[in-house]
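Quick look at my_file-v9.pdb (PDB, C-alpha atoms and all ligand atoms):
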```pdb
MODEL        1
ATOM      1  CA  MET A   1     -46.276  22.202 -56.991  1.00  0.00           C
ATOM      2  CA  SER A   2     -44.591  24.877 -58.991  1.00  0.00           C
ATOM      3  CA  ASN A   3     -45.100  28.603 -59.249  1.00  0.00           C
ATOM      4  CA  LYS A   4     -46.785  27.923 -62.556  1.00  0.00           C
ATOM      5  CA  GLN A   5     -49.800  26.747 -60.655  1.00  0.00           C
ATOM      6  CA  ILE A   6     -53.000  28.570 -61.498  1.00  0.00           C
ATOM      7  CA  ILE A   7     -55.530  28.952 -58.705  1.00  0.00           C
ATOM      8  CA  GLY A   8     -59.184  29.381 -59.607  1.00  0.00           C
ATOM      9  CA  PHE A   9     -61.612  30.825 -57.090  1.00  0.00           C
ATOM     10  CA  ASP A  10     -65.342  30.556 -56.928  1.00  0.00           C
ATOM     11  CA  ALA A  11     -66.833  33.863 -55.734  1.00  0.00           C
ATOM     12  CA  ASP A  12     -70.293  33.482 -54.121  1.00  0.00           C
ATOM     13  CA  ASP A  13     -69.895  32.088 -50.589  1.00  0.00           C
ATOM     14  CA  THR A  14     -66.187  31.551 -51.168  1.00  0.00           C
ATOM     15  CA  LEU A  15     -65.032  35.182 -51.363  1.00  0.00           C
ATOM     16  CA  TRP A  16     -68.196  36.970 -50.271  1.00  0.00           C
ATOM     17  CA  GLU A  17     -71.576  36.278 -48.669  1.00  0.00           C
ATOM     18  CA  ASN A  18     -74.335  35.309 -51.087  1.00  0.00           C
ATOM     19  CA  GLU A  19     -76.593  32.467 -50.032  1.00  0.00           C
ATOM     20  CA  VAL A  20     -77.577  34.243 -46.812  1.00  0.00           C
ATOM     21  CA  PHE A  21     -79.293  36.979 -48.864  1.00  0.00           C
ATOM     22  CA  PHE A  22     -81.275  34.393 -50.835  1.00  0.00           C
ATOM     23  CA  HIS A  23     -82.215  32.789 -47.549  1.00  0.00           C
ATOM     24  CA  GLN A  24     -83.404  36.107 -46.068  1.00  0.00           C
ATOM     25  CA  ALA A  25     -85.356  36.930 -49.235  1.00  0.00           C
ATOM     26  CA  GLN A  26     -87.027  33.535 -49.120  1.00  0.00           C
ATOM     27  CA  LEU A  27     -88.064  34.102 -45.502  1.00  0.00           C
ATOM     28  CA  LYS A  28     -89.683  37.421 -46.477  1.00  0.00           C
ATOM     29  CA  PHE A  29     -91.519  35.658 -49.308  1.00  0.00           C
ATOM     30  CA  ILE A  30     -92.763  32.936 -46.968  1.00  0.00           C
ATOM     31  CA  GLU A  31     -94.094  35.554 -44.541  1.00  0.00           C
ATOM     32  CA  LEU A  32     -96.099  37.065 -47.398  1.00  0.00           C
ATOM     33  CA  HIS A  33     -97.514  33.651 -48.319  1.00  0.00           C
ATOM     34  CA  PRO A  34     -98.492  31.901 -45.074  1.00  0.00           C
ATOM     35  CA  HIS A  35    -100.980  29.728 -46.992  1.00  0.00           C
ATOM     36  CA  ILE A  36     -98.263  27.814 -48.911  1.00  0.00           C
ATOM     37  CA  LYS A  37     -97.548  24.437 -47.328  1.00  0.00           C
ATOM     38  CA  ASP A  38     -93.897  23.356 -47.206  1.00  0.00           C
ATOM     39  CA  PRO A  39     -92.872  26.579 -48.961  1.00  0.00           C
ATOM     40  CA  GLU A  40     -89.106  25.894 -49.097  1.00  0.00           C
ATOM     41  CA  GLU A  41     -89.696  22.694 -51.043  1.00  0.00           C
ATOM     42  CA  VAL A  42     -92.302  24.284 -53.346  1.00  0.00           C
ATOM     43  CA  ILE A  43     -89.926  27.153 -54.186  1.00  0.00           C
ATOM     44  CA  PHE A  44     -86.973  24.798 -54.672  1.00  0.00           C
ATOM     45  CA  GLN A  45     -88.851  22.583 -57.133  1.00  0.00           C
ATOM     46  CA  ILE A  46     -89.903  25.596 -59.216  1.00  0.00           C
ATOM     47  CA  GLU A  47     -86.376  27.084 -59.098  1.00  0.00           C
ATOM     48  CA  LYS A  48     -84.835  23.792 -60.148  1.00  0.00           C
ATOM     49  CA  LYS A  49     -87.130  23.471 -63.163  1.00  0.00           C
ATOM     50  CA  ASN A  50     -86.422  27.068 -64.150  1.00  0.00           C
ATOM     51  CA  ILE A  51     -82.621  26.878 -64.137  1.00  0.00           C
ATOM     52  CA  GLU A  52     -82.556  25.656 -67.725  1.00  0.00           C
ATOM     53  CA  PHE A  53     -84.528  28.737 -68.795  1.00  0.00           C
ATOM     54  CA  TYR A  54     -83.196  31.475 -66.516  1.00  0.00           C
ATOM     55  CA  GLY A  55     -79.805  30.205 -65.323  1.00  0.00           C
ATOM     56  CA  TYR A  56     -78.488  31.072 -61.866  1.00  0.00           C
ATOM     57  CA  GLY A  57     -78.794  34.341 -60.008  1.00  0.00           C
ATOM     58  CA  ILE A  58     -81.212  36.830 -58.532  1.00  0.00           C
ATOM     59  CA  LYS A  59     -83.305  37.505 -61.638  1.00  0.00           C
ATOM     60  CA  GLY A  60     -84.145  33.840 -62.096  1.00  0.00           C
ATOM     61  CA  PHE A  61     -84.795  33.469 -58.375  1.00  0.00           C
ATOM     62  CA  ILE A  62     -87.277  36.370 -58.380  1.00  0.00           C
ATOM     63  CA  LEU A  63     -89.061  35.002 -61.456  1.00  0.00           C
ATOM     64  CA  SER A  64     -89.391  31.694 -59.599  1.00  0.00           C
ATOM     65  CA  LEU A  65     -90.800  33.465 -56.535  1.00  0.00           C
ATOM     66  CA  LEU A  66     -93.319  35.303 -58.743  1.00  0.00           C
ATOM     67  CA  GLU A  67     -94.313  31.980 -60.316  1.00  0.00           C
ATOM     68  CA  THR A  68     -94.652  30.379 -56.869  1.00  0.00           C
ATOM     69  CA  SER A  69     -96.855  33.275 -55.724  1.00  0.00           C
ATOM     70  CA  VAL A  70     -99.125  33.252 -58.768  1.00  0.00           C
ATOM     71  CA  ARG A  71     -99.504  29.465 -58.626  1.00  0.00           C
ATOM     72  CA  SER A  72    -100.359  29.622 -54.921  1.00  0.00           C
ATOM     73  CA  TYR A  73    -103.364  31.804 -55.759  1.00  0.00           C
ATOM     74  CA  ASN A  74    -104.495  29.329 -58.458  1.00  0.00           C
ATOM     75  CA  ASN A  75    -103.070  31.487 -61.223  1.00  0.00           C
ATOM     76  CA  GLN A  76    -104.660  34.632 -59.889  1.00  0.00           C
ATOM     77  CA  SER A  77    -102.436  37.457 -58.739  1.00  0.00           C
ATOM     78  CA  ASP A  78    -102.109  39.265 -55.493  1.00  0.00           C
ATOM     79  CA  PHE A  79    -100.710  42.481 -56.892  1.00  0.00           C
ATOM     80  CA  GLN A  80     -99.523  43.761 -53.553  1.00  0.00           C
ATOM     81  CA  ASN A  81     -97.451  40.628 -53.128  1.00  0.00           C
ATOM     82  CA  ILE A  82     -96.148  40.871 -56.700  1.00  0.00           C
ATOM     83  CA  ALA A  83     -94.949  44.413 -55.978  1.00  0.00           C
ATOM     84  CA  LYS A  84     -93.338  43.252 -52.736  1.00  0.00           C
ATOM     85  CA  ILE A  85     -91.522  40.370 -54.472  1.00  0.00           C
ATOM     86  CA  ILE A  86     -90.149  42.757 -57.094  1.00  0.00           C
ATOM     87  CA  LYS A  87     -88.928  44.982 -54.251  1.00  0.00           C
ATOM     88  CA  ILE A  88     -87.258  41.990 -52.556  1.00  0.00           C
ATOM     89  CA  GLY A  89     -85.347  41.331 -55.794  1.00  0.00           C
ATOM     90  CA  LYS A  90     -84.264  44.939 -56.253  1.00  0.00           C
ATOM     91  CA  ASP A  91     -83.032  45.060 -52.671  1.00  0.00           C
ATOM     92  CA  MET A  92     -80.978  41.919 -53.309  1.00  0.00           C
ATOM     93  CA  LEU A  93     -79.440  43.471 -56.415  1.00  0.00           C
ATOM     94  CA  ALA A  94     -78.454  46.536 -54.376  1.00  0.00           C
ATOM     95  CA  GLN A  95     -77.031  44.522 -51.484  1.00  0.00           C
ATOM     96  CA  PRO A  96     -73.512  45.755 -50.619  1.00  0.00           C
ATOM     97  CA  ILE A  97     -70.700  43.214 -50.869  1.00  0.00           C
ATOM     98  CA  GLN A  98     -69.703  41.517 -47.615  1.00  0.00           C
ATOM     99  CA  LEU A  99     -66.335  39.857 -47.987  1.00  0.00           C
ATOM    100  CA  LEU A 100     -65.788  36.684 -45.986  1.00  0.00           C
ATOM    101  CA  PRO A 101     -63.079  36.786 -43.277  1.00  0.00           C
ATOM    102  CA  ASP A 102     -59.413  36.815 -44.383  1.00  0.00           C
ATOM    103  CA  VAL A 103     -60.283  36.884 -48.096  1.00  0.00           C
ATOM    104  CA  LYS A 104     -58.437  40.077 -48.881  1.00  0.00           C
ATOM    105  CA  ASN A 105     -55.134  39.277 -47.157  1.00  0.00           C
ATOM    106  CA  THR A 106     -55.165  35.681 -48.435  1.00  0.00           C
ATOM    107  CA  LEU A 107     -55.676  36.798 -52.038  1.00  0.00           C
ATOM    108  CA  HIS A 108     -53.059  39.505 -51.598  1.00  0.00           C
ATOM    109  CA  HIS A 109     -50.523  36.965 -50.389  1.00  0.00           C
ATOM    110  CA  LEU A 110     -51.375  34.268 -52.948  1.00  0.00           C
ATOM    111  CA  SER A 111     -51.353  36.694 -55.876  1.00  0.00           C
ATOM    112  CA  GLU A 112     -47.660  37.373 -55.200  1.00  0.00           C
ATOM    113  CA  HIS A 113     -46.773  33.743 -55.881  1.00  0.00           C
ATOM    114  CA  HIS A 114     -49.512  32.392 -58.121  1.00  0.00           C
ATOM    115  CA  THR A 115     -51.747  33.369 -60.991  1.00  0.00           C
ATOM    116  CA  LEU A 116     -55.290  33.757 -59.678  1.00  0.00           C
ATOM    117  CA  ILE A 117     -58.433  33.524 -61.737  1.00  0.00           C
ATOM    118  CA  MET A 118     -62.072  33.880 -60.696  1.00  0.00           C
ATOM    119  CA  ILE A 119     -64.723  31.582 -62.117  1.00  0.00           C
ATOM    120  CA  THR A 120     -68.258  32.412 -61.065  1.00  0.00           C
ATOM    121  CA  LYS A 121     -71.728  31.655 -62.363  1.00  0.00           C
ATOM    122  CA  GLY A 122     -74.840  33.807 -62.222  1.00  0.00           C
ATOM    123  CA  ASP A 123     -76.346  36.928 -63.784  1.00  0.00           C
ATOM    124  CA  LEU A 124     -73.658  38.661 -65.845  1.00  0.00           C
ATOM    125  CA  LEU A 125     -74.556  42.189 -64.727  1.00  0.00           C
ATOM    126  CA  ASP A 126     -74.889  41.325 -61.050  1.00  0.00           C
ATOM    127  CA  GLN A 127     -71.672  39.290 -60.955  1.00  0.00           C
ATOM    128  CA  GLN A 128     -69.820  42.154 -62.700  1.00  0.00           C
ATOM    129  CA  ARG A 129     -71.187  44.600 -60.119  1.00  0.00           C
ATOM    130  CA  LYS A 130     -70.063  42.403 -57.231  1.00  0.00           C
ATOM    131  CA  VAL A 131     -66.572  41.906 -58.678  1.00  0.00           C
ATOM    132  CA  LYS A 132     -66.195  45.665 -59.106  1.00  0.00           C
ATOM    133  CA  GLU A 133     -67.533  46.512 -55.641  1.00  0.00           C
ATOM    134  CA  SER A 134     -65.488  43.812 -53.932  1.00  0.00           C
ATOM    135  CA  GLY A 135     -62.201  45.615 -54.548  1.00  0.00           C
ATOM    136  CA  LEU A 136     -60.679  42.218 -55.380  1.00  0.00           C
ATOM    137  CA  LEU A 137     -60.257  42.765 -59.125  1.00  0.00           C
ATOM    138  CA  LYS A 138     -56.572  43.655 -58.755  1.00  0.00           C
ATOM    139  CA  TYR A 139     -55.676  40.190 -57.472  1.00  0.00           C
ATOM    140  CA  PHE A 140     -57.054  38.327 -60.486  1.00  0.00           C
ATOM    141  CA  SER A 141     -55.498  37.858 -63.917  1.00  0.00           C
ATOM    142  CA  LEU A 142     -58.783  36.684 -65.344  1.00  0.00           C
ATOM    143  CA  ILE A 143     -62.476  36.812 -64.412  1.00  0.00           C
ATOM    144  CA  GLU A 144     -64.833  34.320 -66.033  1.00  0.00           C
ATOM    145  CA  ILE A 145     -68.576  34.695 -65.531  1.00  0.00           C
ATOM    146  CA  VAL A 146     -70.241  31.565 -66.871  1.00  0.00           C
ATOM    147  CA  SER A 147     -73.748  30.126 -66.930  1.00  0.00           C
ATOM    148  CA  GLU A 148     -72.775  26.654 -65.664  1.00  0.00           C
ATOM    149  CA  LYS A 149     -69.704  25.237 -63.942  1.00  0.00           C
ATOM    150  CA  ASP A 150     -69.276  21.754 -65.341  1.00  0.00           C
ATOM    151  CA  GLU A 151     -66.395  19.787 -66.870  1.00  0.00           C
ATOM    152  CA  GLN A 152     -66.977  21.312 -70.296  1.00  0.00           C
ATOM    153  CA  THR A 153     -66.840  24.879 -68.937  1.00  0.00           C
ATOM    154  CA  TYR A 154     -63.601  24.266 -67.053  1.00  0.00           C
ATOM    155  CA  LEU A 155     -62.013  22.556 -70.059  1.00  0.00           C
ATOM    156  CA  GLU A 156     -62.924  25.470 -72.294  1.00  0.00           C
ATOM    157  CA  ILE A 157     -61.518  28.061 -69.878  1.00  0.00           C
ATOM    158  CA  LEU A 158     -58.279  26.125 -69.398  1.00  0.00           C
ATOM    159  CA  GLU A 159     -57.817  25.475 -73.101  1.00  0.00           C
ATOM    160  CA  LYS A 160     -58.506  29.094 -74.031  1.00  0.00           C
ATOM    161  CA  ASN A 161     -55.847  30.233 -71.567  1.00  0.00           C
ATOM    162  CA  ASN A 162     -53.279  27.522 -72.253  1.00  0.00           C
ATOM    163  CA  ILE A 163     -53.511  26.071 -68.770  1.00  0.00           C
ATOM    164  CA  SER A 164     -52.851  22.389 -68.276  1.00  0.00           C
ATOM    165  CA  PRO A 165     -55.420  20.766 -65.941  1.00  0.00           C
ATOM    166  CA  LYS A 166     -52.619  19.306 -63.785  1.00  0.00           C
ATOM    167  CA  ASP A 167     -51.461  22.870 -62.995  1.00  0.00           C
ATOM    168  CA  PHE A 168     -54.969  23.975 -62.084  1.00  0.00           C
ATOM    169  CA  LEU A 169     -56.430  24.174 -58.615  1.00  0.00           C
ATOM    170  CA  MET A 170     -60.009  25.292 -57.996  1.00  0.00           C
ATOM    171  CA  VAL A 171     -61.180  26.599 -54.624  1.00  0.00           C
ATOM    172  CA  GLY A 172     -64.849  26.852 -53.709  1.00  0.00           C
ATOM    173  CA  ASN A 173     -67.758  26.095 -51.404  1.00  0.00           C
ATOM    174  CA  SER A 174     -69.608  23.818 -53.804  1.00  0.00           C
ATOM    175  CA  LEU A 175     -68.552  20.206 -54.291  1.00  0.00           C
ATOM    176  CA  LYS A 176     -70.844  19.993 -57.293  1.00  0.00           C
ATOM    177  CA  SER A 177     -69.641  23.101 -59.152  1.00  0.00           C
ATOM    178  CA  ASP A 178     -66.135  23.807 -57.866  1.00  0.00           C
ATOM    179  CA  VAL A 179     -64.573  20.515 -56.800  1.00  0.00           C
ATOM    180  CA  LEU A 180     -65.997  17.502 -58.659  1.00  0.00           C
ATOM    181  CA  PRO A 181     -65.829  18.707 -62.275  1.00  0.00           C
ATOM    182  CA  VAL A 182     -62.285  20.043 -61.801  1.00  0.00           C
ATOM    183  CA  ARG A 183     -61.132  16.763 -60.338  1.00  0.00           C
ATOM    184  CA  LYS A 184     -62.755  14.876 -63.206  1.00  0.00           C
ATOM    185  CA  ILE A 185     -60.717  16.784 -65.785  1.00  0.00           C
ATOM    186  CA  GLY A 186     -57.446  16.143 -63.932  1.00  0.00           C
ATOM    187  CA  GLY A 187     -57.153  19.250 -61.785  1.00  0.00           C
ATOM    188  CA  THR A 188     -57.323  19.630 -58.021  1.00  0.00           C
ATOM    189  CA  GLY A 189     -60.411  20.827 -56.182  1.00  0.00           C
ATOM    190  CA  VAL A 190     -60.198  22.404 -52.744  1.00  0.00           C
ATOM    191  CA  TYR A 191     -63.445  22.474 -50.839  1.00  0.00           C
ATOM    192  CA  ILE A 192     -64.029  25.244 -48.300  1.00  0.00           C
ATOM    193  CA  PRO A 193     -67.557  24.738 -46.957  1.00  0.00           C
ATOM    194  CA  HIS A 194     -69.792  27.670 -46.107  1.00  0.00           C
ATOM    195  CA  LYS A 195     -72.395  27.279 -43.373  1.00  0.00           C
ATOM    196  CA  LEU A 196     -75.161  28.022 -45.875  1.00  0.00           C
ATOM    197  CA  THR A 197     -75.066  26.207 -49.192  1.00  0.00           C
ATOM    198  CA  TRP A 198     -77.971  26.032 -51.613  1.00  0.00           C
ATOM    199  CA  LYS A 199     -79.606  22.621 -51.857  1.00  0.00           C
ATOM    200  CA  HIS A 200     -78.985  22.543 -55.599  1.00  0.00           C
ATOM    201  CA  GLU A 201     -75.208  22.561 -54.978  1.00  0.00           C
ATOM    202  CA  GLU A 202     -75.304  19.454 -52.805  1.00  0.00           C
ATOM    203  CA  VAL A 203     -73.969  16.123 -54.028  1.00  0.00           C
ATOM    204  CA  ASP A 204     -75.370  12.750 -53.138  1.00  0.00           C
ATOM    205  CA  SER A 205     -74.013  10.973 -50.094  1.00  0.00           C
ATOM    206  CA  THR A 206     -72.412   8.145 -52.062  1.00  0.00           C
ATOM    207  CA  PHE A 207     -69.787  10.600 -53.217  1.00  0.00           C
ATOM    208  CA  ASP A 208     -66.328   9.722 -51.912  1.00  0.00           C
ATOM    209  CA  LEU A 209     -65.513  12.676 -49.653  1.00  0.00           C
ATOM    210  CA  GLU A 210     -62.283  11.138 -48.472  1.00  0.00           C
ATOM    211  CA  ARG A 211     -60.553  12.069 -51.684  1.00  0.00           C
ATOM    212  CA  VAL A 212     -61.498  15.740 -51.363  1.00  0.00           C
ATOM    213  CA  VAL A 213     -59.136  18.336 -49.961  1.00  0.00           C
ATOM    214  CA  GLU A 214     -61.217  20.189 -47.401  1.00  0.00           C
ATOM    215  CA  LEU A 215     -60.086  23.318 -45.595  1.00  0.00           C
ATOM    216  CA  LYS A 216     -61.983  25.110 -42.846  1.00  0.00           C
ATOM    217  CA  THR A 217     -61.155  28.652 -43.951  1.00  0.00           C
ATOM    218  CA  ILE A 218     -59.614  30.442 -46.897  1.00  0.00           C
ATOM    219  CA  SER A 219     -56.653  31.500 -44.774  1.00  0.00           C
ATOM    220  CA  ALA A 220     -55.691  27.814 -44.425  1.00  0.00           C
ATOM    221  CA  LEU A 221     -54.888  27.789 -48.158  1.00  0.00           C
ATOM    222  CA  LYS A 222     -51.480  29.421 -47.656  1.00  0.00           C
ATOM    223  CA  VAL A 223     -50.325  26.712 -45.274  1.00  0.00           C
ATOM    224  CA  TRP A 224     -51.839  23.916 -47.338  1.00  0.00           C
ATOM    225  CA  LEU A 225     -50.157  25.142 -50.538  1.00  0.00           C
ATOM    226  CA  LYS A 226     -46.794  25.261 -48.768  1.00  0.00           C
ATOM    227  CA  SER A 227     -47.271  21.709 -47.542  1.00  0.00           C
ATOM    228  CA  GLN A 228     -47.731  20.588 -51.182  1.00  0.00           C
ATOM    229  CA  ILE A 229     -44.324  21.786 -52.404  1.00  0.00           C
TER
HETATM  230 MG    MG A 301     -70.102  29.401 -54.376  1.00  0.00          MG
ENDMDL
END
```
Final structure tokens representation of the file:
Amino acid sequence: MSNKQIIGFDADDTLWENEVFFHQAQLKFIELHPHIKDPEEVIFQIEKKNIEFYGYGIKGFILSLLETSVRSYNNQSDFQNIAKIIKIGKDMLAQPIQLLPDVKNTLHHLSEHHTLIMITKGDLLDQQRKVKESGLLKYFSLIEIVSEKDEQTYLEILEKNNISPKDFLMVGNSLKSDVLPVRKIGGTGVYIPHKLTWKHEEVDSTFDLERVVELKTISALKVWLKSQI
């Protein structure tokens, strides 16, 4: 691979912690609603249906929790719980950035030899805040905050920036959003799993994992890239 290679990075759960805060918020919600049976599944089904209206991110998640709460009281409201859910959301939006291990030095090193871009999906304002707070902005030539990460999105980003798919490598914790669509358009996807990954980002088990480049940590990227030359 040449120095012309462009490396794309997912952000949530690839560069910094994210899913863990959704998980903690969900646990708080469940404590407030002990009467809901199989609450994780109930919340997930409502979230999944709402993606097409709200997109990804904290705002949509909180609206789904409010909907789950209201529905659980047969369309009545428990106003104390409503206030608590709103507070859970505001706390999430104020959550300080926690970079994952070795992110900073890996990006520092890679940015000396490659062009790095960040491609992340979610609430525009919240993703912008996290990018700014992360202190990682200086390593990236381009930041793209998109509403969905599918083949079309990647093609548009690459075309707009005159990047050929064969020179493009995407690194992320989601097979569904970071690896599969990039591979389908002729690029390379590098999968770095995170211990917590949202159910919606999972792919079905018939998917051929053998063809996926999987690394344990982000710091392994340096060595792997060298082995590809
Ligand atoms: Mg991610």
(request) Do a neighbour search on A:Ile6 at 9 Å with only C-alpha atoms, toss out local chain neighbours closer than 6 positions, and write the hits as a list of chain:residue names. (result)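 Listing them by chain and then by number gives A:His114, A:Thr115, A:Leu116, A:Ile117, A:Ile163, A:Asp167, A:Phe168, A:Leu169, A:Met170.
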(message) Could you list, as a ChimeraX atom specification, all protein and nucleic acid residues with an atom at most 7 Å from ligand MG 301 (chain A), counting all atoms listed in the file?
(response) /A:10-14,172-174
(message) My list of candidates is A:Ser177, A:Ser72, A:Asn161, A:Gln24. Which is closest to A:Gly89 when distances are computed with all atoms listed in the file?
(response)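 Under the stated criterion, the closest residue is A:Gln24.
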(request) Excluding A:Val171 and any residue of its chain fewer than 5 positions from it, enumerate the residues within 7 Å of it, using only C-alpha atoms, and give them as a ChimeraX atom specification. (result) /A:8-10,178,189-191
(request) Evaluate the PyMOL selection byres (((chain A and resi 56) around 10) and not hetatm) on the structure here and hand back the selected residues as a PyMOL selection string. (result) chain A and resi 47-48+50-55+57-61+121-124+146-148
Return as lines of an AutoDock Vina configuration file the box centre and box size in Å, one decimal, for an axis-aligned box around all listed atoms of stretch 81-100 of chain A padded by 8 Å per side.
```
center_x = -81.6
center_y = 41.6
center_z = -51.5
size_x = 47.7
size_y = 25.9
size_z = 27.1
```
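Between A:Pro34 and the residues A:Gln228, A:Asn74, A:Gln95, A:Ser69, the shortest atom-to-atom distance, using all atoms listed in the file, involves A:Ser69.
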(message) Given only C-alpha atoms as the basis, pick out the residue of A:Ala220, A:Leu65, A:Leu215, A:Val131 nearest to A:Val42.
(response)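 Closest residue, counting only C-alpha atoms: A:Leu65.
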(message) I'd like to know which of A:Ala25, A:Lys149, A:Ser141, A:Val20 is closest to A:Ile88, using all atoms listed in the file.
(response)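 So, comparing all the options, the nearest one is A:Ala25.
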(request) Find the residue from A:Asp91, A:Asp150, A:Glu31, A:Glu40 that sits nearest to A:Lys199; use all atoms listed in the file when measuring. (result) A:Glu40
(message) With only C-alpha atoms as the counted atoms, please give the residues lying no more than 9 Å from A:Ile97, apart from itself and same-chain residues fewer than 2 positions off, as an MDAnalysis selection string.
(response) chainID A and resid 16:18 95 99 130:131 133:134
(request) Determine the nearest neighbour of A:Phe79 from the options A:Leu27, A:Leu15, A:His113, A:Leu32, counting only C-alpha atoms. (result) A:Leu32
(request) Around the point (-56.8, 19.2, -61.2) in the file's coordinates, collect all residues with an atom within 6 Å, using only C-alpha atoms, and return them as a PyMOL selection string. (result) chain A and resi 165-166+168-169+182-183+186-188
(message) Report, in Å with one decimal, the straight-line distance from atom CA of A:Ser77 to atom CA of A:Phe29.
(response) 14.5 Å
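The space between atom CA of A:Lys104 and atom CA of A:Lys222 spans 12.8 Å.
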Will you model N, CA, C and O atoms for stretch 157-169 of chain A and pass it back as a PDB file, in the frame of the given file?
```pdb
ATOM      1  N   ILE A 157     -62.275  26.946 -70.483  1.00  0.00           N
ATOM      2  CA  ILE A 157     -61.518  28.061 -69.878  1.00  0.00           C
ATOM      3  C   ILE A 157     -60.019  27.731 -69.869  1.00  0.00           C
ATOM      4  O   ILE A 157     -59.184  28.562 -70.228  1.00  0.00           O
ATOM      5  N   LEU A 158     -59.687  26.506 -69.479  1.00  0.00           N
ATOM      6  CA  LEU A 158     -58.279  26.125 -69.398  1.00  0.00           C
ATOM      7  C   LEU A 158     -57.632  26.117 -70.785  1.00  0.00           C
ATOM      8  O   LEU A 158     -56.533  26.628 -70.979  1.00  0.00           O
ATOM      9  N   GLU A 159     -58.349  25.553 -71.746  1.00  0.00           N
ATOM     10  CA  GLU A 159     -57.817  25.475 -73.101  1.00  0.00           C
ATOM     11  C   GLU A 159     -57.575  26.859 -73.692  1.00  0.00           C
ATOM     12  O   GLU A 159     -56.527  27.141 -74.249  1.00  0.00           O
ATOM     13  N   LYS A 160     -58.568  27.726 -73.506  1.00  0.00           N
ATOM     14  CA  LYS A 160     -58.506  29.094 -74.031  1.00  0.00           C
ATOM     15  C   LYS A 160     -57.297  29.843 -73.463  1.00  0.00           C
ATOM     16  O   LYS A 160     -56.741  30.719 -74.095  1.00  0.00           O
ATOM     17  N   ASN A 161     -56.930  29.500 -72.229  1.00  0.00           N
ATOM     18  CA  ASN A 161     -55.847  30.233 -71.567  1.00  0.00           C
ATOM     19  C   ASN A 161     -54.555  29.425 -71.450  1.00  0.00           C
ATOM     20  O   ASN A 161     -53.656  29.798 -70.694  1.00  0.00           O
ATOM     21  N   ASN A 162     -54.494  28.347 -72.247  1.00  0.00           N
ATOM     22  CA  ASN A 162     -53.279  27.522 -72.253  1.00  0.00           C
ATOM     23  C   ASN A 162     -52.843  27.028 -70.879  1.00  0.00           C
ATOM     24  O   ASN A 162     -51.670  27.076 -70.521  1.00  0.00           O
ATOM     25  N   ILE A 163     -53.814  26.598 -70.104  1.00  0.00           N
ATOM     26  CA  ILE A 163     -53.511  26.071 -68.770  1.00  0.00           C
ATOM     27  C   ILE A 163     -53.708  24.564 -68.809  1.00  0.00           C
ATOM     28  O   ILE A 163     -54.746  24.077 -69.259  1.00  0.00           O
ATOM     29  N   SER A 164     -52.712  23.839 -68.336  1.00  0.00           N
ATOM     30  CA  SER A 164     -52.851  22.389 -68.276  1.00  0.00           C
ATOM     31  C   SER A 164     -53.640  22.026 -67.015  1.00  0.00           C
ATOM     32  O   SER A 164     -53.381  22.576 -65.947  1.00  0.00           O
ATOM     33  N   PRO A 165     -54.606  21.111 -67.129  1.00  0.00           N
ATOM     34  CA  PRO A 165     -55.420  20.766 -65.941  1.00  0.00           C
ATOM     35  C   PRO A 165     -54.579  20.379 -64.727  1.00  0.00           C
ATOM     36  O   PRO A 165     -54.941  20.668 -63.593  1.00  0.00           O
ATOM     37  N   LYS A 166     -53.419  19.739 -64.953  1.00  0.00           N
ATOM     38  CA  LYS A 166     -52.619  19.306 -63.785  1.00  0.00           C
ATOM     39  C   LYS A 166     -52.027  20.505 -63.021  1.00  0.00           C
ATOM     40  O   LYS A 166     -51.645  20.367 -61.866  1.00  0.00           O
ATOM     41  N   ASP A 167     -51.956  21.662 -63.678  1.00  0.00           N
ATOM     42  CA  ASP A 167     -51.461  22.870 -62.995  1.00  0.00           C
ATOM     43  C   ASP A 167     -52.590  23.690 -62.392  1.00  0.00           C
ATOM     44  O   ASP A 167     -52.373  24.794 -61.886  1.00  0.00           O
ATOM     45  N   PHE A 168     -53.812  23.173 -62.484  1.00  0.00           N
ATOM     46  CA  PHE A 168     -54.969  23.975 -62.084  1.00  0.00           C
ATOM     47  C   PHE A 168     -55.585  23.472 -60.789  1.00  0.00           C
ATOM     48  O   PHE A 168     -55.840  22.285 -60.590  1.00  0.00           O
ATOM     49  N   LEU A 169     -55.820  24.439 -59.911  1.00  0.00           N
ATOM     50  CA  LEU A 169     -56.430  24.174 -58.615  1.00  0.00           C
ATOM     51  C   LEU A 169     -57.664  25.063 -58.510  1.00  0.00           C
ATOM     52  O   LEU A 169     -57.583  26.248 -58.822  1.00  0.00           O
TER      53      LEU A 169
END
```
